[in-house]
file protein_19.cif (mmCIF, C-alpha atoms)
data_work
loop_
_atom_site.label_atom_id
_atom_site.label_comp_id
_atom_site.auth_asym_id
_atom_site.auth_seq_id
_atom_site.Cartn_x
_atom_site.Cartn_y
_atom_site.Cartn_z
CA MET S 57 0.00 0.00 0.00
CA ILE S 58 2.77 2.42 0.91
CA ASN S 59 4.35 2.29 -2.49
CA ASN S 60 1.12 3.35 -4.15
CA PHE S 61 2.09 6.89 -3.21
CA PHE S 62 5.52 6.77 -4.78
CA GLU S 63 6.38 6.51 -8.46
CA LYS S 64 9.59 5.01 -9.78
CA ARG S 65 12.16 7.60 -10.81
CA LYS S 66 12.31 7.36 -14.59
CA ASN S 67 14.03 10.46 -15.93
CA ILE S 68 14.96 14.02 -14.99
CA GLU S 69 11.97 15.62 -16.70
CA GLN S 70 9.58 13.38 -14.75
CA VAL S 71 11.33 14.14 -11.44
CA GLU S 72 11.61 17.92 -11.96
CA GLU S 73 8.68 18.92 -14.14
CA SER S 74 5.86 16.41 -13.66
CA THR S 75 3.20 15.83 -11.01
CA ASP S 76 4.63 12.40 -10.13
CA LEU S 77 5.68 11.98 -6.51
CA ALA S 78 8.97 10.12 -7.01
CA PRO S 79 11.07 10.84 -3.92
CA LYS S 80 14.69 9.80 -3.63
CA PHE S 81 15.65 8.01 -0.43
CA GLY S 82 19.41 7.91 0.21
CA SER S 83 21.59 4.84 0.53
CA ASP S 84 20.50 4.81 4.20
CA GLY S 85 16.85 4.72 3.10
CA LEU S 86 16.20 8.25 4.39
CA ILE S 87 15.15 11.60 2.97
CA PRO S 88 15.91 14.87 4.85
CA VAL S 89 12.93 16.90 6.07
CA VAL S 90 12.81 20.61 6.89
CA THR S 91 9.99 21.69 9.21
CA THR S 92 8.86 25.30 9.49
CA ASP S 93 6.19 27.07 11.53
CA PHE S 94 3.22 27.79 9.25
CA LYS S 95 2.57 31.22 10.72
CA SER S 96 6.04 32.62 11.44
CA GLY S 97 8.02 30.78 8.76
CA GLU S 98 10.65 29.96 11.39
CA VAL S 99 12.60 26.75 10.83
CA LEU S 100 11.67 24.55 13.78
CA MET S 101 13.74 21.44 13.12
CA GLN S 102 15.38 19.25 10.52
CA GLY S 103 14.82 15.49 10.56
CA TYR S 104 14.57 12.45 8.36
CA MET S 105 11.89 10.10 7.00
CA ASN S 106 12.06 6.64 5.55
CA GLU S 107 9.45 5.48 3.00
CA GLU S 108 6.99 4.39 5.64
CA ALA S 109 7.32 7.59 7.69
CA PHE S 110 6.70 9.73 4.59
CA ALA S 111 3.70 7.65 3.51
CA GLN S 112 2.19 7.71 7.02
CA THR S 113 2.73 11.48 7.26
CA ILE S 114 0.86 11.95 3.98
CA LYS S 115 -1.99 9.75 5.19
CA LEU S 116 -2.27 11.13 8.74
CA GLY S 117 -1.53 14.83 8.25
CA GLU S 118 0.76 14.85 11.29
CA ALA S 119 4.57 14.71 11.14
CA ILE S 120 6.03 11.24 11.48
CA TYR S 121 9.80 11.07 11.22
CA TYR S 122 12.33 8.26 11.35
CA SER S 123 14.50 8.48 14.45
CA ARG S 124 18.08 7.62 13.55
CA SER S 125 19.05 7.25 17.22
CA ARG S 126 16.12 4.96 18.09
CA LYS S 127 16.01 3.32 14.64
CA SER S 128 12.22 3.48 14.52
CA LEU S 129 9.27 5.57 13.36
CA TRP S 130 8.83 8.70 15.46
CA HIS S 131 5.40 10.28 15.68
CA LYS S 132 6.56 13.71 16.80
CA GLY S 133 4.80 14.86 19.97
CA LYS S 134 3.56 11.45 21.10
CA THR S 135 5.65 11.78 24.29
CA SER S 136 5.75 15.54 24.79
CA GLY S 137 2.29 16.36 23.45
CA PHE S 138 3.77 18.76 20.89
CA ILE S 139 2.13 17.20 17.82
CA GLN S 140 2.96 18.85 14.49
CA LYS S 141 -0.27 19.37 12.52
CA ILE S 142 0.58 19.62 8.85
CA LYS S 143 -0.68 22.59 6.85
CA GLU S 144 1.35 21.95 3.71
CA ILE S 145 3.88 19.45 2.35
CA ARG S 146 6.33 20.53 -0.35
CA ILE S 147 8.99 18.57 -2.23
CA ASP S 148 12.01 19.99 -3.99
CA ASP S 149 13.13 19.96 -7.61
CA ASP S 150 15.04 16.67 -7.58
CA GLN S 151 12.71 15.25 -4.93
CA ASP S 152 15.41 14.45 -2.38
CA CYS S 153 14.13 16.79 0.34
CA VAL S 154 10.73 17.37 1.99
CA TRP S 155 9.48 20.65 3.47
CA LEU S 156 6.71 20.48 6.09
CA ARG S 157 4.77 23.59 7.10
CA VAL S 158 3.15 22.87 10.46
CA ASP S 159 1.20 24.19 13.41
CA VAL S 160 2.71 22.88 16.64
CA VAL S 161 0.32 22.01 19.45
CA GLY S 162 1.87 23.65 22.54
CA GLY S 163 4.38 25.65 20.54
CA SER S 164 7.68 23.79 20.99
CA SER S 165 9.62 21.54 18.63
CA CYS S 166 12.93 21.23 20.45
CA HIS S 167 13.86 18.57 22.98
CA VAL S 168 15.99 21.13 24.84
CA GLY S 169 12.80 23.07 25.58
CA TYR S 170 12.98 25.97 23.14
CA ARG S 171 10.37 26.88 20.51
CA SER S 172 12.72 26.11 17.61
CA CYS S 173 15.77 23.86 17.59
CA PHE S 174 17.60 26.80 15.97
CA TYR S 175 17.73 29.00 19.06
CA ARG S 176 21.33 30.19 18.53
CA SER S 177 22.86 32.32 15.79
CA VAL S 178 26.38 32.27 14.37
CA PRO S 179 28.09 35.68 13.89
CA PHE S 180 29.51 36.07 10.38
CA GLY S 181 31.38 38.39 8.02
CA LYS S 182 32.14 41.79 9.54
CA LEU S 183 30.64 40.62 12.82
CA ILE S 184 33.72 38.45 13.40
CA SER S 185 36.38 40.44 15.15
CA LYS S 186 38.55 37.52 16.22
CA SER S 187 39.02 33.93 15.28
CA LYS S 188 36.76 32.52 17.97
CA VAL S 189 33.06 32.54 17.14
CA ASN S 190 30.65 32.87 20.05
CA LEU S 191 27.08 31.78 19.41
CA GLU S 192 24.29 34.17 20.40
CA PHE S 193 21.10 32.93 22.07
CA LYS S 194 18.06 34.19 20.13
CA GLU S 195 15.50 32.60 22.41
CA LYS S 196 15.75 33.70 26.01
CA GLU S 197 13.26 31.38 27.68
CA LYS S 198 12.35 27.74 27.29
CA VAL S 199 8.77 26.80 26.50
CA PHE S 200 8.93 23.78 28.77
CA ASP S 201 11.23 21.96 31.18
CA PRO S 202 12.63 18.88 29.43
CA LYS S 203 13.26 17.10 32.73
CA LYS S 204 9.56 17.23 33.58
CA ILE S 205 8.41 16.10 30.12
CA TYR S 206 10.98 13.47 29.18
CA LYS S 207 11.93 12.35 32.71
CA ASP S 208 14.66 9.70 32.39
CA ALA S 209 14.48 9.21 28.59
CA PRO S 210 17.95 9.31 27.01
CA ASN S 211 18.98 12.60 25.38
CA PRO S 212 18.87 12.19 21.57
CA THR S 213 21.91 14.43 21.05
CA LYS S 214 24.96 12.39 20.03
CA LEU S 215 28.53 13.63 20.29
CA MET A 234 42.84 28.67 10.30
CA ILE A 235 39.51 27.06 9.50
CA ASN A 236 39.39 25.09 12.68
CA ASN A 237 39.71 28.25 14.74
CA PHE A 238 35.97 28.66 14.21
CA PHE A 239 35.04 25.22 15.41
CA GLU A 240 35.33 23.81 18.91
CA LYS A 241 35.72 20.14 19.71
CA ARG A 242 32.51 18.46 20.83
CA LYS A 243 33.05 17.73 24.51
CA ASN A 244 29.68 16.97 26.09
CA ILE A 245 25.95 17.44 25.58
CA GLU A 246 25.68 20.53 27.77
CA GLN A 247 28.41 22.26 25.77
CA VAL A 248 26.77 21.36 22.46
CA GLU A 249 23.21 22.29 23.45
CA GLU A 250 23.51 25.07 26.03
CA SER A 251 26.80 26.90 25.49
CA THR A 252 28.02 29.55 23.06
CA ASP A 253 30.64 27.18 21.57
CA LEU A 254 30.30 26.57 17.84
CA ALA A 255 30.91 22.81 17.75
CA PRO A 256 29.20 21.54 14.59
CA LYS A 257 28.87 17.85 13.82
CA PHE A 258 29.90 16.81 10.33
CA GLY A 259 28.60 13.37 9.31
CA SER A 260 30.65 10.33 8.35
CA ASP A 261 30.72 11.85 4.83
CA GLY A 262 32.19 15.07 6.26
CA LEU A 263 29.02 17.05 5.56
CA ILE A 264 26.39 18.96 7.52
CA PRO A 265 22.92 19.61 6.05
CA VAL A 266 21.95 23.23 5.42
CA VAL A 267 18.46 24.73 5.15
CA THR A 268 18.23 28.04 3.28
CA THR A 269 15.24 30.35 3.62
CA ASP A 270 14.33 33.71 2.11
CA PHE A 271 14.94 36.39 4.74
CA LYS A 272 11.82 38.36 3.84
CA SER A 273 9.22 35.71 2.98
CA GLY A 274 10.49 32.88 5.17
CA GLU A 275 10.08 30.51 2.21
CA VAL A 276 12.43 27.54 2.13
CA LEU A 277 14.54 28.08 -0.99
CA MET A 278 16.77 25.01 -0.98
CA GLN A 279 18.47 22.37 1.13
CA GLY A 280 22.15 21.64 0.61
CA TYR A 281 25.30 20.54 2.38
CA MET A 282 28.55 22.05 3.65
CA ASN A 283 31.86 20.52 4.59
CA GLU A 284 34.10 22.20 7.19
CA GLU A 285 35.73 24.49 4.67
CA ALA A 286 32.43 25.55 3.07
CA PHE A 287 30.96 26.42 6.48
CA ALA A 288 34.07 28.36 7.53
CA GLN A 289 34.20 30.27 4.23
CA THR A 290 30.48 31.07 4.47
CA ILE A 291 31.01 32.52 7.96
CA LYS A 292 33.96 34.59 6.73
CA LEU A 293 32.43 35.82 3.46
CA GLY A 294 28.77 36.32 4.38
CA GLU A 295 27.63 34.60 1.17
CA ALA A 296 26.44 31.00 0.93
CA ILE A 297 29.12 28.51 -0.03
CA TYR A 298 27.98 24.90 -0.16
CA TYR A 299 29.69 21.62 -0.92
CA SER A 300 28.41 20.10 -4.15
CA ARG A 301 28.03 16.35 -3.75
CA SER A 302 27.69 15.84 -7.50
CA ARG A 303 30.76 17.91 -8.40
CA LYS A 304 32.65 16.97 -5.21
CA SER A 305 33.88 20.54 -4.71
CA LEU A 306 33.08 23.83 -2.99
CA TRP A 307 30.12 25.60 -4.58
CA HIS A 308 29.83 29.36 -4.24
CA LYS A 309 26.12 29.59 -4.98
CA GLY A 310 25.37 32.06 -7.77
CA LYS A 311 28.86 32.22 -9.26
CA THR A 312 27.51 30.82 -12.55
CA SER A 313 23.92 32.07 -12.51
CA GLY A 314 24.50 35.39 -10.74
CA PHE A 315 22.00 34.45 -8.04
CA ILE A 316 24.34 35.04 -5.08
CA GLN A 317 22.84 34.35 -1.65
CA LYS A 318 23.68 37.26 0.69
CA ILE A 319 23.50 36.05 4.25
CA LYS A 320 21.38 37.94 6.76
CA GLU A 321 21.57 35.41 9.58
CA ILE A 322 23.12 32.01 10.32
CA ARG A 323 21.52 29.72 12.90
CA ILE A 324 22.59 26.33 14.21
CA ASP A 325 20.37 23.74 15.85
CA ASP A 326 20.34 22.19 19.32
CA ASP A 327 22.74 19.29 18.64
CA GLN A 328 24.63 21.36 16.05
CA ASP A 329 24.17 18.93 13.17
CA CYS A 330 22.19 21.29 10.93
CA VAL A 331 22.68 24.88 9.72
CA TRP A 332 19.92 27.37 8.85
CA LEU A 333 20.81 30.25 6.50
CA ARG A 334 18.51 33.26 6.14
CA VAL A 335 19.43 34.97 2.87
CA ASP A 336 18.59 37.64 0.33
CA VAL A 337 18.97 36.24 -3.18
CA VAL A 338 20.35 38.56 -5.84
CA GLY A 339 17.97 38.11 -8.79
CA GLY A 340 15.41 36.18 -6.79
CA SER A 341 15.94 32.55 -7.82
CA SER A 342 17.58 29.65 -6.00
CA CYS A 343 16.53 26.72 -8.15
CA HIS A 344 18.43 25.29 -11.10
CA VAL A 345 15.11 24.43 -12.79
CA GLY A 346 14.36 28.17 -12.93
CA TYR A 347 11.83 28.62 -10.15
CA ARG A 348 12.16 31.00 -7.18
CA SER A 349 12.34 28.16 -4.65
CA CYS A 350 13.35 24.55 -5.24
CA PHE A 351 10.13 23.62 -3.41
CA TYR A 352 7.73 24.66 -6.16
CA ARG A 353 5.42 21.65 -5.81
CA SER A 354 3.16 20.56 -2.96
CA VAL A 355 2.10 17.07 -1.91
CA PRO A 356 -1.63 16.57 -1.14
CA PHE A 357 -2.15 14.88 2.24
CA GLY A 358 -4.76 13.61 4.71
CA LYS A 359 -8.33 14.23 3.59
CA LEU A 360 -7.03 15.67 0.33
CA ILE A 361 -6.13 12.16 -0.81
CA SER A 362 -9.08 10.58 -2.52
CA LYS A 363 -7.23 7.76 -4.18
CA SER A 364 -3.95 5.96 -3.80
CA LYS A 365 -2.11 7.98 -6.44
CA VAL A 366 -0.75 11.32 -5.26
CA ASN A 367 -0.50 14.09 -7.85
CA LEU A 368 1.82 16.95 -7.03
CA GLU A 369 0.49 20.49 -7.40
CA PHE A 370 2.59 23.27 -8.90
CA LYS A 371 2.68 26.25 -6.52
CA GLU A 372 4.85 28.43 -8.74
CA LYS A 373 3.38 29.07 -12.15
CA GLU A 374 6.26 30.82 -13.89
CA LYS A 375 10.00 30.38 -13.92
CA VAL A 376 12.21 33.31 -12.93
CA PHE A 377 14.77 32.43 -15.60
CA ASP A 378 15.40 30.01 -18.45
CA PRO A 379 17.95 27.43 -17.29
CA LYS A 380 19.06 26.70 -20.86
CA LYS A 381 20.17 30.30 -21.31
CA ILE A 382 21.95 30.52 -17.96
CA TYR A 383 23.58 27.11 -17.64
CA LYS A 384 23.95 26.32 -21.37
CA ASP A 385 25.48 22.85 -21.67
CA ALA A 386 26.38 22.33 -18.00
CA PRO A 387 25.20 18.92 -16.75
CA ASN A 388 21.94 18.84 -14.80
CA PRO A 389 22.74 18.28 -11.09
CA THR A 390 19.63 16.12 -10.55
CA LYS A 391 20.57 12.46 -10.14
CA LEU A 392 18.13 9.60 -10.56
#
call {"tool": "encode", "arguments": {"input": "protein_19.cif", "output": "structure tokens"}}
result
Amino acid sequence: MINNFFEKRKNIEQVEESTDLAPKFGSDGLIPVVTTDFKSGEVLMQGYMNEEAFAQTIKLGEAIYYSRSRKSLWHKGKTSGFIQKIKEIRIDDDQDCVWLRVDVVGGSSCHVGYRSCFYRSVPFGKLISKSKVNLEFKEKEKVFDPKKIYKDAPNPTKL
Amino acid sequence: MINNFFEKRKNIEQVEESTDLAPKFGSDGLIPVVTTDFKSGEVLMQGYMNEEAFAQTIKLGEAIYYSRSRKSLWHKGKTSGFIQKIKEIRIDDDQDCVWLRVDVVGGSSCHVGYRSCFYRSVPFGKLISKSKVNLEFKEKEKVFDPKKIYKDAPNPTKL
């Protein structure tokens, strides 16, 4: 059933210029996914989907990723409550990246507790006065306390 | 000199909660990059950087990616003229993804000729009446004619 959604990749014109959904999953079986807030346009997170995660996302209308650390489907928000309700799904020219525009129930998409995972900026160009770059925090307060929500669950960040 | 920008990854607290720039490059030496339009918030493209590309981007203030197809640094817009002027660089919680907010000289970021690479949407949820999904074009007109700009250069899309 899953593969009913996806066409075989036949040629460049089909992939770039047709209405066929013919996504390219990498050698690891995954496609990168960019998720933005529907209202603000802010990038909330970047994740991955395998074929099943992408098909289930299309069917359900809520974001389902593939967790590389847990090696399993990951219905975002099932633990924290911060479900991502999909408003639009886009795919790029060569169909090797997915863009989700979502509304987030509860307003946070980051396991550290911030609204967006991208809560720090990197100074660049003329802003760099010395060789060391110091990140700047763009979000001042966390939306939630990860210790209360995730309790003893392992931190997904890998060194 | 490049490595002056980047700290070694020491522990999760440093990576998630400090001002150290300690990006994680994958086993292929690359970090995924999401690029959005500074004004509209639209996702323009998703690409990759290696260490040198990221360091040069920080120094120059224009987007320099690593081209996986050409296996070399890729100063976006050098051929087409569509330079991406950086307005802000963000990095995510576990520092394995970069978000660029840019102004695009000439207004196009897509080699097919559209404004954004994500010019097609994927119907989902109740919008799916049958098993076949037909993409919908969200941009009606191309910004430029790729044949005139790129001439005989090979198409970067891989099947």
call {"tool": "atom_distance", "arguments": {"input": "protein_19.cif", "atom1": "atom CA of Gly181 of chain S", "atom2": "atom CA of Phe238 of chain A"}}
result
12.4 Å
call {"tool": "atom_distance", "arguments": {"input": "protein_19.cif", "atom1": "atom CA of Arg353 of chain A", "atom2": "atom CA of Glu369 of chain A"}}
result
5.3 Å
call {"tool": "closest_residue", "arguments": {"input": "protein_19.cif", "among": "S:Ser123, S:Thr91, S:Thr75, S:Thr213", "to": "Tyr104 of chain S", "atoms": "all atoms listed in the file"}}
result
S:Ser123
call {"tool": "interface_residues", "arguments": {"input": "protein_19.cif", "of": "chain S", "to": "chain A", "cutoff": "8 Å", "atoms": "only C-alpha atoms", "output": "number ranges by chain"}}
result
S: 60-62, 65-68, 72, 74-77, 80, 90, 96-99, 101-102, 113-117, 144-150, 153, 155, 166, 168, 173-182, 184, 187-193, 213-215
call {"tool": "atom_distance", "arguments": {"input": "protein_19.cif", "atom1": "atom CA of Lys309 of chain A", "atom2": "atom CA of Glu374 of chain A"}}
result
21.8 Å
call {"tool": "resolve_selection", "arguments": {"input": "protein_19.cif", "expression": "the PyMOL selection byres ((chain S and resi 135) around 12)", "output": "PyMOL selection string"}}
result
chain S and resi 130-134+136-139+165+167+202+204-207+209
call {"tool": "residues_near_point", "arguments": {"input": "protein_19.cif", "point": "(33.5, 15.9, 3.7)", "cutoff": "6 Å", "atoms": "all atoms listed in the file", "output": "PyMOL selection string"}}
result
chain A and resi 261-263+283
call {"tool": "resolve_selection", "arguments": {"input": "protein_19.cif", "expression": "the PyMOL selection byres ((chain A and resi 336) around 6)", "output": "list in words"}}
result
Phe271, Gln317, Lys318, Val335 and Val337 of chain A
call {"tool": "closest_residue", "arguments": {"input": "protein_19.cif", "among": "A:Phe377, A:Ala286, A:Phe258, A:Leu306", "to": "Ser341 of chain A", "atoms": "all atoms listed in the file"}}
result
A:Phe377
call {"tool": "decode", "arguments": {"input": "protein_19.cif", "residues": "segment 95-149 of chain S", "atoms": "C-alpha atoms", "output": "PDB file, in the first residue's frame"}}
result
ATOM      1  CA  LYS S  95       2.574  31.219  10.718  1.00  0.00           C
ATOM      2  CA  SER S  96       6.036  32.621  11.440  1.00  0.00           C
ATOM      3  CA  GLY S  97       8.016  30.781   8.765  1.00  0.00           C
ATOM      4  CA  GLU S  98      10.651  29.962  11.388  1.00  0.00           C
ATOM      5  CA  VAL S  99      12.599  26.749  10.830  1.00  0.00           C
ATOM      6  CA  LEU S 100      11.665  24.547  13.775  1.00  0.00           C
ATOM      7  CA  MET S 101      13.738  21.436  13.122  1.00  0.00           C
ATOM      8  CA  GLN S 102      15.383  19.253  10.519  1.00  0.00           C
ATOM      9  CA  GLY S 103      14.819  15.494  10.563  1.00  0.00           C
ATOM     10  CA  TYR S 104      14.566  12.451   8.362  1.00  0.00           C
ATOM     11  CA  MET S 105      11.892  10.103   7.000  1.00  0.00           C
ATOM     12  CA  ASN S 106      12.057   6.639   5.547  1.00  0.00           C
ATOM     13  CA  GLU S 107       9.450   5.478   2.999  1.00  0.00           C
ATOM     14  CA  GLU S 108       6.990   4.394   5.643  1.00  0.00           C
ATOM     15  CA  ALA S 109       7.323   7.590   7.689  1.00  0.00           C
ATOM     16  CA  PHE S 110       6.699   9.732   4.593  1.00  0.00           C
ATOM     17  CA  ALA S 111       3.696   7.648   3.514  1.00  0.00           C
ATOM     18  CA  GLN S 112       2.188   7.714   7.017  1.00  0.00           C
ATOM     19  CA  THR S 113       2.732  11.477   7.262  1.00  0.00           C
ATOM     20  CA  ILE S 114       0.861  11.949   3.980  1.00  0.00           C
ATOM     21  CA  LYS S 115      -1.988   9.748   5.191  1.00  0.00           C
ATOM     22  CA  LEU S 116      -2.267  11.126   8.742  1.00  0.00           C
ATOM     23  CA  GLY S 117      -1.531  14.828   8.250  1.00  0.00           C
ATOM     24  CA  GLU S 118       0.765  14.851  11.287  1.00  0.00           C
ATOM     25  CA  ALA S 119       4.567  14.711  11.141  1.00  0.00           C
ATOM     26  CA  ILE S 120       6.034  11.239  11.477  1.00  0.00           C
ATOM     27  CA  TYR S 121       9.804  11.072  11.221  1.00  0.00           C
ATOM     28  CA  TYR S 122      12.329   8.264  11.350  1.00  0.00           C
ATOM     29  CA  SER S 123      14.501   8.483  14.445  1.00  0.00           C
ATOM     30  CA  ARG S 124      18.080   7.620  13.550  1.00  0.00           C
ATOM     31  CA  SER S 125      19.045   7.246  17.216  1.00  0.00           C
ATOM     32  CA  ARG S 126      16.119   4.963  18.088  1.00  0.00           C
ATOM     33  CA  LYS S 127      16.011   3.321  14.641  1.00  0.00           C
ATOM     34  CA  SER S 128      12.215   3.479  14.518  1.00  0.00           C
ATOM     35  CA  LEU S 129       9.269   5.572  13.360  1.00  0.00           C
ATOM     36  CA  TRP S 130       8.827   8.698  15.459  1.00  0.00           C
ATOM     37  CA  HIS S 131       5.396  10.284  15.682  1.00  0.00           C
ATOM     38  CA  LYS S 132       6.561  13.713  16.805  1.00  0.00           C
ATOM     39  CA  GLY S 133       4.801  14.856  19.970  1.00  0.00           C
ATOM     40  CA  LYS S 134       3.565  11.453  21.102  1.00  0.00           C
ATOM     41  CA  THR S 135       5.651  11.780  24.286  1.00  0.00           C
ATOM     42  CA  SER S 136       5.750  15.543  24.785  1.00  0.00           C
ATOM     43  CA  GLY S 137       2.286  16.363  23.447  1.00  0.00           C
ATOM     44  CA  PHE S 138       3.774  18.759  20.890  1.00  0.00           C
ATOM     45  CA  ILE S 139       2.125  17.201  17.822  1.00  0.00           C
ATOM     46  CA  GLN S 140       2.960  18.851  14.488  1.00  0.00           C
ATOM     47  CA  LYS S 141      -0.267  19.367  12.522  1.00  0.00           C
ATOM     48  CA  ILE S 142       0.580  19.616   8.852  1.00  0.00           C
ATOM     49  CA  LYS S 143      -0.677  22.587   6.854  1.00  0.00           C
ATOM     50  CA  GLU S 144       1.351  21.946   3.705  1.00  0.00           C
ATOM     51  CA  ILE S 145       3.882  19.452   2.349  1.00  0.00           C
ATOM     52  CA  ARG S 146       6.331  20.529  -0.352  1.00  0.00           C
ATOM     53  CA  ILE S 147       8.987  18.570  -2.229  1.00  0.00           C
ATOM     54  CA  ASP S 148      12.011  19.991  -3.986  1.00  0.00           C
ATOM     55  CA  ASP S 149      13.131  19.959  -7.608  1.00  0.00           C
TER      56      ASP S 149
END
